[in-house]
$ cat data16.csv   # CSV, C-alpha atoms and all ligand atoms
chain,number,residue,atom,x,y,z
A,15,MET,CA,-12.4,24.4,15.8
A,16,ILE,CA,-9.7,26.2,17.9
A,17,ASN,CA,-6.6,27.5,16.1
A,18,LEU,CA,-3.0,27.0,17.3
A,19,ASN,CA,-0.4,28.5,15.1
A,20,SER,CA,-3.0,28.7,12.3
A,21,SER,CA,-3.2,24.9,12.3
A,22,PRO,CA,-6.3,23.2,13.8
A,23,VAL,CA,-5.7,21.1,17.0
A,24,GLN,CA,-8.4,18.7,16.2
A,25,LEU,CA,-10.0,17.4,13.0
A,26,SER,CA,-12.9,15.1,12.3
A,27,LEU,CA,-12.3,13.0,9.2
A,28,ARG,CA,-14.4,10.6,7.3
A,29,GLN,CA,-13.0,7.2,8.2
A,30,PRO,CA,-10.2,6.3,5.7
A,31,ASP,CA,-9.5,3.0,3.9
A,32,ASP,CA,-6.1,1.5,3.0
A,33,TRP,CA,-6.0,0.7,-0.7
A,34,HIS,CA,-2.7,-1.4,-0.4
A,35,LEU,CA,-1.9,-3.6,2.6
A,36,HIS,CA,0.1,-6.7,3.4
A,37,LEU,CA,-1.2,-8.5,6.5
A,38,ARG,CA,0.8,-11.8,6.1
A,39,ASP,CA,-0.9,-14.9,7.5
A,40,ASP,CA,-1.4,-17.4,10.4
A,41,HIS,CA,0.0,-16.2,13.8
A,42,LEU,CA,1.1,-12.9,12.3
A,43,LEU,CA,-2.5,-11.8,11.6
A,44,LYS,CA,-3.0,-11.5,15.4
A,45,VAL,CA,-0.4,-8.8,15.4
A,46,THR,CA,-1.1,-7.1,12.1
A,47,VAL,CA,-4.9,-7.0,11.7
A,48,PRO,CA,-5.7,-4.9,14.9
A,49,HIS,CA,-3.3,-2.2,13.9
A,50,SER,CA,-5.0,-1.6,10.5
A,51,ALA,CA,-8.5,-2.1,11.8
A,52,ARG,CA,-7.9,0.5,14.5
A,53,ILE,CA,-8.2,3.3,11.9
A,54,PHE,CA,-9.1,1.9,8.5
A,55,ARG,CA,-12.6,0.7,7.6
A,56,ARG,CA,-11.6,-1.3,4.5
A,57,ALA,CA,-8.3,-2.5,3.1
A,58,VAL,CA,-7.1,-4.0,-0.2
A,59,ILE,CA,-5.2,-7.1,0.9
A,60,MET,CA,-2.2,-8.1,-1.1
A,61,PRO,CA,-2.1,-11.7,-2.2
A,62,ASN,CA,1.7,-12.3,-2.1
A,63,LEU,CA,1.6,-15.1,0.5
A,64,SER,CA,3.6,-18.3,0.1
A,65,PRO,CA,1.9,-19.9,-1.7
A,66,PRO,CA,0.2,-16.9,-3.3
A,67,ILE,CA,-3.6,-16.4,-3.5
A,68,THR,CA,-4.5,-17.8,-6.9
A,69,SER,CA,-7.8,-19.4,-6.3
A,70,ILE,CA,-11.3,-18.3,-5.1
A,71,GLU,CA,-11.2,-20.7,-2.3
A,72,ALA,CA,-7.8,-19.6,-1.0
A,73,ALA,CA,-9.0,-15.9,-1.1
A,74,ARG,CA,-12.2,-16.8,0.8
A,75,ASN,CA,-10.3,-18.7,3.5
A,76,TYR,CA,-7.6,-16.0,3.8
A,77,ARG,CA,-10.4,-13.4,4.2
A,78,GLN,CA,-11.9,-15.5,7.0
A,79,ARG,CA,-8.6,-15.8,8.8
A,80,ILE,CA,-8.2,-12.0,8.7
A,81,LEU,CA,-11.8,-11.5,9.9
A,82,ASN,CA,-11.1,-13.8,12.8
A,83,GLN,CA,-8.5,-11.4,14.1
A,84,VAL,CA,-10.6,-8.2,13.9
A,85,PRO,CA,-11.2,-6.9,17.4
A,86,THR,CA,-14.8,-7.3,18.3
A,87,GLN,CA,-15.6,-3.6,18.8
A,88,LEU,CA,-14.2,-2.7,15.3
A,89,SER,CA,-15.5,-3.1,11.7
A,90,PHE,CA,-12.9,-3.9,9.1
A,91,THR,CA,-13.6,-5.3,5.6
A,92,PRO,CA,-10.7,-7.0,3.8
A,93,LEU,CA,-11.0,-6.6,0.0
A,94,MET,CA,-9.2,-9.6,-1.5
A,95,THR,CA,-7.0,-9.7,-4.5
A,96,ALA,CA,-6.0,-12.4,-6.9
A,97,TYR,CA,-2.3,-13.0,-7.7
A,98,LEU,CA,-1.8,-13.1,-11.5
A,99,THR,CA,0.5,-15.8,-12.9
A,100,ASP,CA,1.4,-16.8,-16.4
A,101,SER,CA,-1.1,-19.7,-16.3
A,102,LEU,CA,-4.1,-18.4,-14.2
A,103,PRO,CA,-7.3,-19.2,-16.1
A,104,PRO,CA,-9.3,-16.0,-16.9
A,105,GLU,CA,-12.5,-17.9,-15.7
A,106,VAL,CA,-11.1,-17.9,-12.1
A,107,LEU,CA,-10.9,-14.1,-12.2
A,108,GLU,CA,-14.4,-13.8,-13.8
A,109,GLN,CA,-16.0,-16.2,-11.3
A,110,GLY,CA,-14.1,-14.8,-8.2
A,111,TYR,CA,-15.1,-11.2,-9.2
A,112,SER,CA,-18.7,-12.0,-9.8
A,113,ASP,CA,-18.9,-14.0,-6.6
A,114,GLY,CA,-17.6,-10.9,-4.7
A,115,VAL,CA,-14.5,-12.7,-3.5
A,116,PHE,CA,-11.9,-11.0,-5.7
A,117,PHE,CA,-12.0,-7.2,-5.5
A,118,ALA,CA,-9.1,-6.8,-7.9
A,119,ALA,CA,-6.1,-8.6,-9.3
A,120,LYS,CA,-2.4,-7.9,-8.6
A,121,LEU,CA,0.3,-8.0,-11.3
A,122,TYR,CA,3.7,-8.8,-9.9
A,123,PRO,CA,6.4,-9.0,-12.5
A,124,ALA,CA,8.1,-12.3,-11.6
A,125,ASN,CA,10.9,-11.7,-9.0
A,126,ALA,CA,10.2,-8.0,-8.6
A,127,THR,CA,9.6,-8.2,-4.8
A,128,THR,CA,8.6,-10.4,-1.8
A,129,ASN,CA,7.0,-13.7,-2.8
A,130,SER,CA,6.8,-12.8,-6.5
A,131,SER,CA,8.6,-15.7,-8.0
A,132,LEU,CA,5.3,-17.1,-9.3
A,133,GLY,CA,4.3,-13.7,-10.7
A,134,VAL,CA,4.1,-12.8,-14.4
A,135,SER,CA,7.2,-13.6,-16.3
A,136,ASP,CA,6.2,-11.7,-19.5
A,137,ILE,CA,3.3,-9.4,-19.7
A,138,SER,CA,2.5,-10.5,-23.2
A,139,LEU,CA,1.5,-13.9,-21.8
A,140,ILE,CA,-1.5,-12.5,-19.9
A,141,ASP,CA,-3.4,-10.9,-22.7
A,142,SER,CA,-6.4,-13.1,-22.1
A,143,LEU,CA,-6.5,-12.1,-18.4
A,144,LEU,CA,-6.3,-8.4,-19.1
A,145,GLU,CA,-9.0,-8.8,-21.8
A,146,THR,CA,-11.2,-10.5,-19.3
A,147,MET,CA,-10.6,-7.9,-16.6
A,148,GLU,CA,-11.3,-5.1,-19.1
A,149,LYS,CA,-14.5,-6.8,-20.1
A,150,ILE,CA,-15.8,-7.3,-16.6
A,151,ASN,CA,-14.4,-4.0,-15.3
A,152,MET,CA,-12.2,-5.6,-12.7
A,153,PRO,CA,-9.3,-3.4,-11.5
A,154,LEU,CA,-5.7,-4.3,-12.2
A,155,LEU,CA,-3.2,-3.4,-9.5
A,156,VAL,CA,0.3,-3.1,-10.7
A,157,HIS,CA,3.7,-3.5,-9.0
A,158,GLY,CA,5.4,-1.2,-11.6
A,159,GLU,CA,9.1,-2.3,-11.7
A,160,VAL,CA,11.1,-4.0,-14.4
A,161,THR,CA,13.2,-7.0,-13.2
A,162,ASP,CA,15.7,-6.7,-16.0
A,163,PRO,CA,19.1,-7.0,-14.1
A,164,GLY,CA,20.6,-4.6,-16.6
A,165,VAL,CA,18.3,-1.8,-15.4
A,166,ASP,CA,19.6,0.2,-12.3
A,167,VAL,CA,17.4,-0.6,-9.3
A,168,PHE,CA,16.6,3.2,-8.9
A,169,ASP,CA,15.3,3.3,-12.5
A,170,ARG,CA,13.1,0.3,-12.5
A,171,GLU,CA,9.8,2.1,-12.0
A,172,ALA,CA,10.5,4.7,-14.7
A,173,VAL,CA,11.5,2.0,-17.2
A,174,PHE,CA,8.5,-0.1,-16.4
A,175,ILE,CA,6.2,2.8,-17.2
A,176,GLU,CA,7.8,3.3,-20.6
A,177,ARG,CA,8.4,-0.2,-21.5
A,178,TYR,CA,5.3,-2.0,-20.2
A,179,LEU,CA,2.6,0.3,-18.6
A,180,GLN,CA,2.1,2.8,-21.4
A,181,PRO,CA,1.8,0.1,-24.2
A,182,MET,CA,-0.5,-1.9,-22.0
A,183,LEU,CA,-2.8,1.0,-21.3
A,184,LYS,CA,-2.9,1.8,-25.1
A,185,ARG,CA,-4.0,-1.8,-25.8
A,186,PHE,CA,-6.5,-2.1,-23.0
A,187,SER,CA,-7.8,1.5,-22.9
A,188,ASN,CA,-10.8,0.7,-20.8
A,189,LEU,CA,-9.0,-1.3,-18.1
A,190,ARG,CA,-9.0,0.3,-14.7
A,191,VAL,CA,-5.4,0.3,-13.4
A,192,VAL,CA,-3.8,1.4,-10.2
A,193,LEU,CA,0.0,1.9,-10.3
A,194,GLU,CA,0.8,0.9,-6.7
A,195,HIS,CA,3.2,2.7,-4.3
A,196,ILE,CA,4.6,5.2,-6.8
A,197,THR,CA,8.1,6.5,-6.0
A,198,THR,CA,9.2,8.8,-8.8
A,199,LYS,CA,8.3,12.1,-10.4
A,200,ASN,CA,8.1,10.1,-13.7
A,201,ALA,CA,5.2,8.1,-12.2
A,202,VAL,CA,3.5,11.2,-10.9
A,203,GLU,CA,3.7,12.9,-14.3
A,204,PHE,CA,2.5,9.8,-16.1
A,205,VAL,CA,-0.5,9.3,-13.8
A,206,GLU,CA,-1.6,12.9,-13.8
A,207,THR,CA,-1.4,13.3,-17.5
A,208,SER,CA,-2.7,9.9,-18.5
A,209,GLY,CA,-6.0,9.9,-20.4
A,210,PHE,CA,-6.6,6.3,-19.2
A,211,ASN,CA,-8.4,4.9,-16.2
A,212,LEU,CA,-5.3,5.2,-14.2
A,213,ALA,CA,-4.7,6.1,-10.6
A,214,ALA,CA,-1.8,5.6,-8.1
A,215,THR,CA,-1.4,4.9,-4.4
A,216,ILE,CA,1.3,6.7,-2.4
A,217,THR,CA,2.8,5.3,0.8
A,218,PRO,CA,3.6,7.3,3.9
A,219,HIS,CA,7.2,6.2,3.9
A,220,HIS,CA,7.9,7.5,0.4
A,221,LEU,CA,6.6,10.9,1.5
A,222,HIS,CA,9.0,10.9,4.5
A,223,ILE,CA,12.2,9.4,3.4
A,224,ASN,CA,14.5,9.5,0.4
A,225,ARG,CA,17.2,7.0,-0.4
A,226,ASN,CA,19.7,8.5,2.1
A,227,ALA,CA,17.6,7.1,4.9
A,228,MET,CA,18.9,3.6,4.1
A,229,PHE,CA,22.5,4.6,4.6
A,230,LEU,CA,22.5,7.0,7.6
A,231,GLY,CA,25.5,6.0,9.7
A,232,GLY,CA,25.4,2.4,8.4
A,233,PHE,CA,23.0,0.2,6.5
A,234,ARG,CA,19.5,0.6,7.8
A,235,SER,CA,17.3,-2.3,6.7
A,236,ASP,CA,14.2,-0.7,8.3
A,237,PHE,CA,14.1,1.8,5.5
A,238,TYR,CA,14.6,-0.8,2.8
A,239,CYS,CA,11.4,-1.4,0.8
A,240,LEU,CA,10.4,-1.9,-2.8
A,241,PRO,CA,10.1,0.1,-4.9
A,242,ILE,CA,13.2,1.5,-3.2
A,243,ALA,CA,13.1,5.1,-1.9
A,244,LYS,CA,14.5,7.4,-4.6
A,245,ARG,CA,16.3,10.8,-4.6
A,246,GLU,CA,15.0,13.9,-2.8
A,247,ASP,CA,13.5,15.5,-5.9
A,248,HIS,CA,11.3,12.4,-6.3
A,249,ARG,CA,10.1,12.5,-2.7
A,250,LEU,CA,9.2,16.2,-3.2
A,251,ALA,CA,7.2,15.4,-6.3
A,252,LEU,CA,5.3,12.7,-4.4
A,253,ARG,CA,4.5,15.1,-1.6
A,254,ASP,CA,3.2,17.6,-4.2
A,255,ALA,CA,1.1,14.8,-5.8
A,256,ALA,CA,-0.4,13.5,-2.5
A,257,THR,CA,-1.3,17.0,-1.3
A,258,SER,CA,-2.4,18.3,-4.7
A,259,GLY,CA,-6.1,17.5,-4.3
A,260,LYS,CA,-6.0,15.4,-7.6
A,261,PRO,CA,-8.3,12.4,-7.3
A,262,CYS,CA,-5.9,10.2,-9.2
A,263,PHE,CA,-3.6,10.0,-6.1
A,264,PHE,CA,-4.9,8.2,-3.0
A,265,LEU,CA,-3.8,6.5,0.2
A,266,GLY,CA,-2.3,3.0,0.1
A,267,THR,CA,0.1,2.3,2.9
A,268,ASP,CA,2.0,-0.7,1.5
A,269,SER,CA,2.5,-1.6,5.1
A,270,ALA,CA,4.7,-4.7,4.7
A,271,PRO,CA,5.9,-6.2,8.0
A,272,HIS,CA,8.9,-8.6,8.1
A,273,VAL,CA,10.1,-10.1,11.4
A,274,ARG,CA,13.3,-8.6,12.8
A,275,SER,CA,15.3,-11.7,11.9
A,276,GLN,CA,14.2,-11.4,8.3
A,277,LYS,CA,15.1,-7.7,8.1
A,278,GLU,CA,18.5,-8.1,9.8
A,279,ASN,CA,19.7,-10.8,7.5
A,280,ALA,CA,22.4,-11.3,4.9
A,281,CYS,CA,19.5,-11.1,2.4
A,282,GLY,CA,17.2,-8.8,4.2
A,283,CYS,CA,13.5,-8.6,3.2
A,284,ALA,CA,12.0,-5.5,1.6
A,285,GLY,CA,9.1,-3.9,3.4
A,286,ILE,CA,8.2,-1.2,6.0
A,287,PHE,CA,5.7,-1.8,8.7
A,288,ASN,CA,3.8,1.5,8.9
A,289,ALA,CA,0.3,0.2,9.8
A,290,PRO,CA,0.4,1.2,13.5
A,291,PHE,CA,0.5,4.9,12.8
A,292,ALA,CA,0.0,5.2,9.1
A,293,LEU,CA,-2.7,7.9,9.2
A,294,GLU,CA,-0.6,9.9,11.7
A,295,SER,CA,2.4,9.6,9.4
A,296,TYR,CA,0.4,11.0,6.4
A,297,ALA,CA,-1.1,13.7,8.7
A,298,GLU,CA,2.4,14.9,9.5
A,299,VAL,CA,3.2,15.4,5.8
A,300,PHE,CA,0.0,17.1,4.9
A,301,ASP,CA,0.5,19.4,8.0
A,302,GLU,CA,4.1,20.2,7.0
A,303,GLU,CA,2.9,21.1,3.5
A,304,GLY,CA,0.2,23.4,4.9
A,305,LYS,CA,-2.5,21.1,3.3
A,306,ILE,CA,-4.1,19.3,6.3
A,307,ASP,CA,-7.4,20.3,4.8
A,308,ARG,CA,-6.7,17.9,1.9
A,309,LEU,CA,-5.9,14.9,3.9
A,310,GLU,CA,-9.5,13.7,4.1
A,311,ALA,CA,-10.0,13.5,0.3
A,312,PHE,CA,-6.7,11.7,-0.1
A,313,ALA,CA,-7.3,9.3,2.7
A,314,SER,CA,-11.1,8.7,2.5
A,315,GLU,CA,-12.6,9.9,-0.7
A,316,TYR,CA,-10.5,9.5,-3.8
A,317,GLY,CA,-10.0,5.8,-3.3
A,318,PRO,CA,-13.7,5.0,-3.1
A,319,LEU,CA,-14.3,7.4,-6.0
A,320,PHE,CA,-11.9,5.5,-8.2
A,321,TYR,CA,-13.2,2.1,-7.2
A,322,GLY,CA,-16.8,3.1,-7.5
A,323,LEU,CA,-17.6,2.4,-3.8
A,324,PRO,CA,-19.5,4.6,-1.4
A,325,PRO,CA,-17.1,6.5,1.0
A,326,ASN,CA,-17.4,5.6,4.6
A,327,THR,CA,-20.0,7.6,6.6
A,328,ASN,CA,-18.6,7.4,10.1
A,329,THR,CA,-15.8,9.6,11.2
A,330,ILE,CA,-12.5,9.4,13.1
A,331,LYS,CA,-10.8,12.1,15.2
A,332,LEU,CA,-7.3,13.4,14.5
A,333,ARG,CA,-5.9,15.4,17.4
A,334,ARG,CA,-2.7,17.3,17.7
A,335,ASN,CA,-1.1,15.4,20.5
A,336,GLU,CA,2.6,14.5,20.5
A,337,HIS,CA,3.3,10.8,21.1
A,338,VAL,CA,6.3,8.6,20.8
A,339,ILE,CA,6.2,5.6,18.4
A,340,PRO,CA,7.1,2.3,20.0
A,341,ARG,CA,10.5,0.9,19.1
A,342,ASN,CA,9.1,-2.5,18.3
A,343,TYR,CA,6.1,-4.8,18.7
A,344,SER,CA,7.1,-8.2,20.1
A,345,PHE,CA,5.3,-11.5,19.9
A,346,LYS,CA,6.1,-15.2,19.7
A,347,ASP,CA,6.7,-16.9,16.4
A,348,HIS,CA,5.5,-20.4,15.4
A,349,ASP,CA,8.1,-22.1,17.6
A,350,LEU,CA,7.3,-19.8,20.5
A,351,LYS,CA,10.6,-17.9,20.0
A,352,PRO,CA,10.4,-14.2,20.7
A,353,GLU,CA,10.2,-12.1,17.5
A,354,SER,CA,9.3,-8.5,16.7
A,355,PHE,CA,8.3,-6.0,14.1
A,356,VAL,CA,9.9,-2.6,14.1
A,357,PRO,CA,7.4,0.0,13.0
A,358,PHE,CA,8.0,3.0,10.7
A,359,HIS,CA,9.0,6.1,12.8
A,360,ALA,CA,10.2,3.8,15.7
A,361,GLY,CA,11.3,5.9,18.6
A,362,GLU,CA,10.2,9.2,16.8
A,363,THR,CA,7.6,11.7,18.0
A,364,LEU,CA,4.6,12.3,15.8
A,365,LYS,CA,2.4,15.3,16.3
A,366,TRP,CA,-1.0,13.9,15.3
A,367,PHE,CA,-2.9,11.1,16.9
A,368,ALA,CA,-5.9,9.4,15.3
A,369,GLU,CA,-8.7,7.6,17.1
A,370,ALA,CA,-12.2,6.4,16.5
A,371,GLU,CA,-14.9,8.9,17.4
A,401,LIG,C1,6.2,-6.0,0.0
A,401,LIG,C2,6.2,-7.2,0.8
A,401,LIG,O1,7.1,-7.4,1.6
A,401,LIG,O2,5.2,-8.0,0.7
A,401,LIG,N1,7.5,-5.3,0.2
A,401,LIG,C3,7.7,-4.0,0.0
A,401,LIG,O3,8.9,-3.6,0.1
A,401,LIG,N2,6.8,-3.1,-0.3
A,401,LIG,C4,5.9,-6.3,-1.5
A,401,LIG,C5,5.7,-5.1,-2.3
A,401,LIG,O4,4.7,-4.4,-2.2
A,401,LIG,O5,6.6,-4.8,-3.2
A,402,ZN,ZN,2.9,-3.9,-1.4

$ encode --input "data16.csv" --output "structure tokens" --more "lines below"
Ligand code: NCD
Ligand code: ZN
Amino acid sequence: MINLNSSPVQLSLRQPDDWHLHLRDDHLLKVTVPHSARIFRRAVIMPNLSPPITSIEAARNYRQRILNQVPTQLSFTPLMTAYLTDSLPPEVLEQGYSDGVFFAAKLYPANATTNSSLGVSDISLIDSLLETMEKINMPLLVHGEVTDPGVDVFDREAVFIERYLQPMLKRFSNLRVVLEHITTKNAVEFVETSGFNLAATITPHHLHINRNAMFLGGFRSDFYCLPIAKREDHRLALRDAATSGKPCFFLGTDSAPHVRSQKENACGCAGIFNAPFALESYAEVFDEEGKIDRLEAFASEYGPLFYGLPPNTNTIKLRRNEHVIPRNYSFKDHDLKPESFVPFHAGETLKWFAEAE
């Protein structure tokens, strides 16, 4: 390896996986799937479609629609999740998990985020689901925000942890839980000191931006996502956590594309489309922190370790090679009208470039 300013110019990494991904459906899969499959070998696919994935058959069919869009020269395994509702029968989870269709189940507090209106209205109503998941060792993935309108939007994660997550973990102490896309130092501290089977995913955007990004010179919907970006001290805590080398923190992009007309709207959708250069975005952070040597464990090892899966054996190449991120990706919508997705880092220059070896 050659050194340039004490930082390597090229790295070989075990191929990473994305432990939290929204691919959407139908014609959008043609746009979204190739971006993720370019770099990631496996991805946990979020079930918040409209209608959501609440049956084994729906998950199986959705998985097939995703696989149909994987470019032929690439291997990409979608790991499907079930969307928990107040009335989902535990037998569906048990059967779907033992059939190898459901990899995990996702808890959305009702109305917390995109397509979550059919989510769980009260966590105390899903005891039998949680009991079943604990019994069969099925992982629970949590969108950790309260929806109580009396709680400030910037406090929703911290309040969720205190009000719901901590009591839930005490009651279901053998349940494997991932607190998804953490955004606060409260979450970092809670996860790293928790004695339970708890881990957290961290997105690239929460490592790069704080809440100011949404208001720079006007309202910028491209930086609006949920959980919403917080103050700078929280971003710094997340950067420390991601680069800490602690196995309880691993990669989950939460890439969540919304077409331009849905982002620039009186009621704009939450979500950042970071899939095209997600690994490069993380690499930038690890490099800036002087911890590029810890990227591989975060991106490719701690996720499989938590989930009890073998890490990937093939490798990808990460080169120092400046490149400009496209301003948008355009395509035609259902009615053949032009639409586009604006990616995270649009128009910016990133220093690292990843490619298959
Ligand atoms: C996600 C989406 O659009 O599906 N949006 C987001 O801002 N992250 C849902 C979610 O993960 O909250
Ligand atoms: Zn998400």

$ residues_near_ligand --input "data16.csv" --ligand "ligand LIG 401 (chain A)" --cutoff "7 Å" --atoms "only C-alpha atoms and all ligand atoms" --output "PyMOL selection string"
chain A and resi 36+62+127-129+157+238-241+268+270-272+283-286

$ atom_distance --input "data16.csv" --atom1 "atom CA of A:Glu171" --atom2 "atom CA of A:Glu159"
4.5 Å

$ atom_distance --input "data16.csv" --atom1 "atom CA of A:Gly133" --atom2 "atom CA of A:Arg249"
28.0 Å

$ residues_around --input "data16.csv" --residues "A:His359" --least-positions-apart "5" --cutoff "9 Å" --atoms "only C-alpha atoms" --output "list in words"
Asn288, Phe291, Ser295, Val338, Ile339, Pro340, Arg341 and Leu364 of chain A

$ residues_around --input "data16.csv" --residues "A:Arg74" --least-positions-apart "5" --cutoff "10 Å" --atoms "only C-alpha atoms" --output "JSON, numbers by chain"
{"A": [67, 69, 79, 94, 110, 114, 115, 116]}

$ atom_distance --input "data16.csv" --atom1 "atom CA of A:Gln180" --atom2 "atom CA of A:Thr267"
24.4 Å

$ residues_around --input "data16.csv" --residues "A:Glu105" --least-positions-apart "4" --cutoff "10 Å" --atoms "all atoms listed in the file" --output "VMD selection string"
chain A and resid 109 to 111 143 146

$ closest_residue --input "data16.csv" --among "A:Leu144, A:Val156, A:Ala370, A:Leu221" --to "A:Asp254" --atoms "all atoms listed in the file"
A:Leu221

$ closest_residue --input "data16.csv" --among "A:His49, A:Arg274, A:His195, A:Arg177" --to "ligand ZN 402 (chain A)" --atoms "all atoms listed in the file"
A:His195

$ residues_near_point --input "data16.csv" --point "(-5.2, -9.9, -4.8)" --cutoff "6 Å" --atoms "all atoms listed in the file" --output "mmCIF file with C-alpha atoms, in the coordinates of the input"
data_model
loop_
_atom_site.group_PDB
_atom_site.id
_atom_site.type_symbol
_atom_site.label_atom_id
_atom_site.label_comp_id
_atom_site.auth_asym_id
_atom_site.auth_seq_id
_atom_site.Cartn_x
_atom_site.Cartn_y
_atom_site.Cartn_z
ATOM 1 C CA MET A 60 -2.200 -8.100 -1.100
ATOM 2 C CA PRO A 61 -2.100 -11.700 -2.200
ATOM 3 C CA MET A 94 -9.200 -9.600 -1.500
ATOM 4 C CA THR A 95 -7.000 -9.700 -4.500
ATOM 5 C CA ALA A 96 -6.000 -12.400 -6.900
ATOM 6 C CA TYR A 97 -2.300 -13.000 -7.700
ATOM 7 C CA ALA A 118 -9.100 -6.800 -7.900
ATOM 8 C CA ALA A 119 -6.100 -8.600 -9.300
ATOM 9 C CA LYS A 120 -2.400 -7.900 -8.600
#

$ closest_residue --input "data16.csv" --among "A:Leu121, A:Val299, A:Leu81, A:Leu230" --to "ligand ZN 402 (chain A)" --atoms "only C-alpha atoms and all ligand atoms"
A:Leu121

$ closest_residue --input "data16.csv" --among "A:Phe263, A:Ala227, A:Thr257, A:His219" --to "A:Glu294" --atoms "all atoms listed in the file"
A:His219

$ residues_around --input "data16.csv" --residues "stretch 243-246 of chain A" --least-positions-apart "5" --cutoff "12 Å" --atoms "only C-alpha atoms" --output "MDAnalysis selection string"
chainID A and resid 166:172 195:200 216:229 236:238 251:253 284:286

$ closest_residue --input "data16.csv" --among "A:Ile70, A:Ile242, A:Met152, A:Leu25" --to "ligand ZN 402 (chain A)" --atoms "all atoms listed in the file"
A:Ile242

$ residues_around --input "data16.csv" --residues "A:Ala124" --least-positions-apart "2" --cutoff "7 Å" --atoms "only C-alpha atoms" --output "MDAnalysis selection string"
chainID A and resid 122 126 130:135
